[in-house]
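Structure below is query28.cif: mmCIF, C-alpha atoms.
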data_upload
#
loop_
_atom_site.label_atom_id
_atom_site.label_comp_id
_atom_site.auth_asym_id
_atom_site.auth_seq_id
_atom_site.Cartn_x
_atom_site.Cartn_y
_atom_site.Cartn_z
CA MET A 884 87.11 -82.97 -30.32
CA THR A 885 85.83 -80.87 -33.19
CA ALA A 886 85.04 -77.18 -32.80
CA ASP A 887 81.32 -77.87 -33.33
CA LEU A 888 81.23 -80.50 -30.61
CA ALA A 889 83.11 -78.22 -28.23
CA ARG A 890 80.66 -75.38 -28.94
CA LEU A 891 77.66 -77.67 -28.44
CA ARG A 892 79.03 -79.02 -25.14
CA ALA A 893 79.65 -75.47 -23.89
CA ALA A 894 76.15 -74.43 -24.94
CA GLN A 895 74.64 -77.47 -23.20
CA ALA A 896 76.58 -76.74 -20.01
CA LYS A 897 75.35 -73.13 -20.01
CA ALA A 898 71.74 -74.22 -20.70
CA ASP A 899 71.91 -76.68 -17.79
CA ALA A 900 73.30 -73.96 -15.51
CA VAL A 901 70.51 -71.54 -16.48
CA VAL A 902 67.85 -74.16 -15.77
CA ARG A 903 69.37 -74.95 -12.37
CA ALA A 904 69.37 -71.23 -11.55
CA VAL A 905 65.81 -70.34 -12.58
CA ALA A 906 63.65 -73.49 -12.61
CA ASP A 907 60.79 -73.76 -10.14
CA THR A 908 58.73 -76.71 -8.99
CA PRO A 909 55.12 -76.41 -10.18
CA ASP A 910 53.05 -75.29 -7.19
CA GLY A 911 49.66 -74.66 -8.72
CA GLY A 912 50.34 -70.98 -9.43
CA PRO A 913 50.86 -69.35 -12.81
CA MET A 914 53.86 -70.76 -14.64
CA LEU A 915 55.85 -69.99 -17.77
CA PHE A 916 57.48 -72.69 -19.87
CA VAL A 917 61.04 -71.69 -20.77
CA ALA A 918 62.90 -73.45 -23.56
CA ILE A 919 66.58 -72.89 -24.34
CA VAL A 920 67.35 -73.48 -28.01
CA ASP A 921 70.67 -73.51 -29.83
CA PRO A 922 70.05 -71.06 -32.70
CA GLU A 923 72.73 -72.60 -34.91
CA THR A 924 71.26 -76.11 -34.87
CA ASN A 925 67.69 -75.25 -33.78
CA THR A 926 68.04 -77.94 -31.11
CA ARG A 927 66.33 -77.59 -27.75
CA LEU A 928 69.06 -77.89 -25.13
CA ALA A 929 66.91 -77.59 -22.01
CA ASN A 930 63.52 -76.53 -20.74
CA CYS A 931 61.91 -75.73 -17.40
CA PHE A 932 59.01 -74.01 -15.72
CA VAL A 933 59.31 -70.64 -13.99
CA SER A 934 56.62 -69.32 -11.66
CA TYR A 935 55.45 -65.74 -11.51
CA ARG A 936 53.02 -63.82 -9.37
CA ALA A 937 50.00 -62.32 -11.07
CA ASP A 938 49.64 -59.66 -8.35
CA ASP A 939 52.99 -58.20 -9.45
CA LEU A 940 51.40 -57.14 -12.73
CA PRO A 941 49.66 -53.79 -13.22
CA ARG A 942 45.91 -54.07 -13.09
CA LEU A 943 43.55 -52.65 -15.68
CA ARG A 944 40.64 -50.65 -14.35
CA LEU A 945 37.45 -49.65 -16.11
CA VAL A 946 36.79 -45.95 -15.70
CA ALA A 947 33.35 -44.70 -16.61
CA SER A 948 33.28 -41.15 -17.91
#

The structure in this file should be written as structure tokens.
Amino acid sequence: MTADLARLRAAQAKADAVVRAVADTPDGGPMLFVAIVDPETNTRLANCFVSYRADDLPRLRLVAS
């Protein structure tokens, strides 16, 4: 096995592990699309959706002076 192939296999294994750890099933709420890309080859190794809650974000308020 060449060094490049070994590096790519290790990168793919890590990308798969990250997706297993963070991916969510779409449930109708706000979602982010996450793509994991190998910067050396510019190849997408994996992608998934991650949900977030909009009420966790700070709210902007209009203040009249």

Q.
Need to verify the contact set: region 920-934 of chain A, 6 Å, only C-alpha atoms, exclusion of same-chain residues closer than 2 positions in sequence. Can you return it as a VMD selection string?
A. chain A and resid 895 906 to 907 913 to 918

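A straight line drawn from CA of Ala904 (chain A) to CA of Tyr935 (chain A) is 15.0 Å long.
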
Q | Nearest candidate to Lys897 (chain A) (options A:Arg944, A:Gly911, A:Thr885, A:Ile919; using only C-alpha atoms) | A | A:Ile919

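What separates CA of Val902 (chain A) from CA of Asp887 (chain A) is a distance of 22.4 Å.
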
Q.
I'd like the interatomic distance between CA of Ala937 (chain A) and CA of Thr908 (chain A), to a tenth of an Å.
A. 17.0 Å
